[in-house]
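The structure under discussion appears below in the form of structure tokens.
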Amino acid sequence: MIALGIHASAVVDIRGKATVPESTILEPLAVIFVGPRGSLELGERNTLYPHCSIRIDQGWMRTGQEVSFGPGVAIYEPRAGLEIGDHCMIAGGTMICGVNHGTDAVDKPMRHQAAEAEKIVIENDVWIGMRVVIMPGVVIGRSSIIGAGSVVTRSIPPESIAWGTPCVVQNKRARA
């Protein structure tokens with residue numbers, strides 16, 4: 001099924017596997033590229049704001065329902081997988097990168113070394129602030145908030161309020 005809410009300037013190039021429900025909204029200049037070895041499964045009512053980019057040459061990404069990707073969000077090569085739960089808000093300028101270049105051999109260019117990929121998980125009801133960088137291998141626990149400009153290099157427990165470079169838990173969310 002292909003989404004009905006695709007702006008004329010959005011680019012959708014799917015060569016691998018993809019599920020894009022009719023409830024998906026792709027705003028101006030949003031880009032989805034899924035290569036022949038890639039897989040994308042968007043949940044119901046996902047919105048990609050202007051200039052949002054999802055690139056999966058190889059690997060996979062799966063989202064829950066009601067996920068929003070703010071302006072300029074970039075998701076790059078989730079080779080070991082990227083899971084995003086229900087009701088997540090990913091603010092503008094956020095970068096989620098699922099792969100690192102190899103760096104072990106100084107006598108060989110880094111771009112020629114084997115890449116290192118690790119799965120990323122963003123659980124349900126997470127708010128990622130503007131311009132956050134999320135690195136491979138992290139789990140951001142349910143109902144957490146990641147402050148703007150943070151660099152997430154390690155997992156964050158559920159119901160946390162975390163920020164910084166590197167991102168660390170600063171507080172816990174209160175229950176009503």
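Scheme for the structure tokens: letters A, B, ... for chains in order shown; per-chain residue numbers from 1; ligand numbers from 1 in order shown.
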Query - Spatial neighbours of Ala91 in chain A, 9 Å, only C-alpha atoms, chain gap at least 5 places, as a ChimeraX atom specification - result: /A:68-73,127-132,148
Query raised in the report: Could you pull the residues within 7 Å of range 119-124 of chain A, counting only C-alpha atoms, minus those fewer than 6 positions along the same chain, as a PyMOL selection string?
Result: chain A and resi 80-88+98+136-143
Could you turn the residues from that selection into a file that holds all heavy atoms, as a tab-separated table (two decimals), in the first residue's frame?
```tsv
chain	number	residue	atom	x	y	z
A	80	ALA	N	22.02	-2.92	11.38
A	80	ALA	CA	21.69	-3.97	12.34
A	80	ALA	C	20.26	-3.81	12.86
A	80	ALA	O	19.82	-4.58	13.71
A	80	ALA	CB	22.69	-3.96	13.50
A	81	GLY	N	19.56	-2.83	12.37
A	81	GLY	CA	18.17	-2.63	12.73
A	81	GLY	C	17.92	-1.37	13.54
A	81	GLY	O	18.77	-0.92	14.30
A	82	LEU	N	16.72	-0.80	13.33
A	82	LEU	CA	16.24	0.35	14.08
A	82	LEU	C	14.77	0.11	14.37
A	82	LEU	O	13.98	-0.06	13.45
A	82	LEU	CB	16.41	1.64	13.27
A	82	LEU	CG	15.72	2.90	13.81
A	82	LEU	CD1	16.18	3.24	15.23
A	82	LEU	CD2	15.95	4.07	12.87
A	83	GLU	N	14.43	0.05	15.66
A	83	GLU	CA	13.05	-0.09	16.09
A	83	GLU	C	12.63	1.17	16.81
A	83	GLU	O	13.33	1.61	17.72
A	83	GLU	CB	12.88	-1.27	17.04
A	83	GLU	CG	13.02	-2.62	16.42
A	83	GLU	CD	12.73	-3.74	17.41
A	83	GLU	OE1	11.95	-3.54	18.37
A	83	GLU	OE2	13.30	-4.82	17.23
A	84	ILE	N	11.50	1.75	16.39
A	84	ILE	CA	10.95	2.93	17.04
A	84	ILE	C	9.54	2.58	17.45
A	84	ILE	O	8.72	2.16	16.62
A	84	ILE	CB	10.97	4.15	16.10
A	84	ILE	CG1	12.40	4.47	15.67
A	84	ILE	CG2	10.32	5.36	16.79
A	84	ILE	CD1	12.52	5.56	14.62
A	85	GLY	N	9.22	2.74	18.74
A	85	GLY	CA	7.92	2.36	19.27
A	85	GLY	C	6.81	3.33	18.92
A	85	GLY	O	6.98	4.28	18.15
A	86	ASP	N	5.65	3.11	19.51
A	86	ASP	CA	4.47	3.94	19.30
A	86	ASP	C	4.63	5.31	19.96
A	86	ASP	O	5.29	5.44	21.00
A	86	ASP	CB	3.23	3.28	19.92
A	86	ASP	CG	2.86	1.95	19.27
A	86	ASP	OD1	3.17	1.76	18.08
A	86	ASP	OD2	2.24	1.13	19.97
A	87	HIS	N	3.97	6.30	19.37
A	87	HIS	CA	3.80	7.64	19.95
A	87	HIS	C	5.11	8.37	20.22
A	87	HIS	O	5.21	9.15	21.17
A	87	HIS	CB	2.97	7.57	21.24
A	87	HIS	CG	1.74	6.74	21.11
A	87	HIS	ND1	0.69	7.10	20.31
A	87	HIS	CD2	1.42	5.53	21.65
A	87	HIS	CE1	-0.25	6.16	20.37
A	87	HIS	NE2	0.17	5.20	21.16
A	88	CYS	N	6.12	8.15	19.40
A	88	CYS	CA	7.41	8.82	19.58
A	88	CYS	C	7.45	10.12	18.78
A	88	CYS	O	6.88	10.22	17.70
A	88	CYS	CB	8.55	7.90	19.14
A	88	CYS	SG	8.79	6.51	20.25
A	98	GLY	N	23.15	4.16	12.31
A	98	GLY	CA	23.26	2.77	12.71
A	98	GLY	C	24.58	2.10	12.40
A	98	GLY	O	24.72	0.90	12.61
A	136	PRO	N	25.00	4.04	17.20
A	136	PRO	CA	24.67	2.61	17.17
A	136	PRO	C	24.72	1.97	18.55
A	136	PRO	O	25.53	2.34	19.40
A	136	PRO	CB	25.76	2.01	16.28
A	136	PRO	CG	26.26	3.14	15.45
A	136	PRO	CD	26.13	4.36	16.32
A	137	GLY	N	23.82	0.99	18.75
A	137	GLY	CA	23.88	0.15	19.93
A	137	GLY	C	23.11	0.63	21.14
A	137	GLY	O	23.16	-0.02	22.18
A	138	VAL	N	22.38	1.74	21.05
A	138	VAL	CA	21.70	2.25	22.23
A	138	VAL	C	20.24	1.83	22.26
A	138	VAL	O	19.61	1.59	21.23
A	138	VAL	CB	21.82	3.78	22.37
A	138	VAL	CG1	23.27	4.22	22.41
A	138	VAL	CG2	21.06	4.50	21.29
A	139	VAL	N	19.70	1.77	23.48
A	139	VAL	CA	18.27	1.60	23.73
A	139	VAL	C	17.84	2.81	24.54
A	139	VAL	O	18.44	3.12	25.57
A	139	VAL	CB	17.98	0.30	24.53
A	139	VAL	CG1	16.50	0.22	24.88
A	139	VAL	CG2	18.42	-0.92	23.75
A	140	ILE	N	16.82	3.50	24.05
A	140	ILE	CA	16.24	4.62	24.80
A	140	ILE	C	14.93	4.11	25.37
A	140	ILE	O	14.00	3.78	24.62
A	140	ILE	CB	16.05	5.86	23.93
A	140	ILE	CG1	17.42	6.32	23.39
A	140	ILE	CG2	15.38	6.98	24.72
A	140	ILE	CD1	17.36	7.48	22.42
A	141	GLY	N	14.87	4.01	26.69
A	141	GLY	CA	13.74	3.39	27.38
A	141	GLY	C	12.44	4.17	27.23
A	141	GLY	O	12.44	5.39	27.03
A	142	ARG	N	11.32	3.46	27.38
A	142	ARG	CA	9.99	4.02	27.21
A	142	ARG	C	9.78	5.26	28.07
A	142	ARG	O	10.33	5.38	29.17
A	142	ARG	CB	8.92	2.97	27.51
A	142	ARG	CG	8.89	2.58	28.95
A	142	ARG	CD	7.77	1.62	29.31
A	142	ARG	NE	8.03	1.00	30.59
A	142	ARG	CZ	8.06	1.63	31.75
A	142	ARG	NH1	7.85	2.92	31.81
A	142	ARG	NH2	8.32	0.98	32.87
A	143	SER	N	9.01	6.17	27.53
A	143	SER	CA	8.59	7.39	28.24
A	143	SER	C	9.76	8.27	28.66
A	143	SER	O	9.65	9.03	29.62
A	143	SER	CB	7.72	7.04	29.46
A	143	SER	OG	6.59	6.30	29.05
```
Pro50 in chain A surroundings by only C-alpha atoms, 12 Å radius, close-in-sequence under 4 positions cut, as a short mmCIF file (atom, residue, chain, number, x, y, z; two decimals) with C-alpha atoms, in the first residue's frame:
```
data_model
loop_
_atom_site.label_atom_id
_atom_site.label_comp_id
_atom_site.auth_asym_id
_atom_site.auth_seq_id
_atom_site.Cartn_x
_atom_site.Cartn_y
_atom_site.Cartn_z
CA ILE A 6 2.80 12.24 -0.24
CA HIS A 7 3.73 15.77 -1.30
CA ALA A 8 4.66 16.14 -4.96
CA SER A 9 8.25 17.11 -4.03
CA ALA A 10 8.81 14.09 -1.76
CA VAL A 11 11.01 11.30 -3.11
CA ILE A 25 2.27 11.79 5.53
CA LEU A 26 5.40 12.81 3.61
CA GLU A 27 5.76 16.58 3.61
CA PRO A 28 7.73 18.66 1.06
CA LEU A 29 11.19 17.33 0.19
CA ALA A 30 10.99 14.30 2.48
CA VAL A 31 13.09 11.40 1.12
CA ILE A 32 12.81 7.65 1.62
CA SER A 68 6.69 12.00 13.89
CA PHE A 69 10.04 12.84 12.31
CA GLY A 70 10.67 16.59 12.51
CA PRO A 71 12.17 18.79 9.80
CA GLY A 72 15.64 17.67 8.74
CA VAL A 73 15.69 14.39 10.67
CA ALA A 74 18.24 12.04 9.08
CA ALA A 91 12.42 16.62 16.73
CA GLY A 92 14.05 18.49 13.87
CA GLY A 93 17.69 18.02 13.00
#
```
Report task. Take CA of Val168 in chain A and CA of Tyr76 in chain A and report the distance between them in Å, one decimal. Result -> 23.2 Å
Requested in this report: as a PyMOL selection string, please: all residues of range 3-176 of chain A that backbone DSSP puts in strand (DSSP E).
Outcome: chain A and resi 5-6+11-14+17-19+25-26+31-41+47-48+53-63+68-69+74-76+82-84+89-90+95-97+99-100+116-117+120-122+127-128+133-134+139-140+145-146+151-152+160-163+168-172
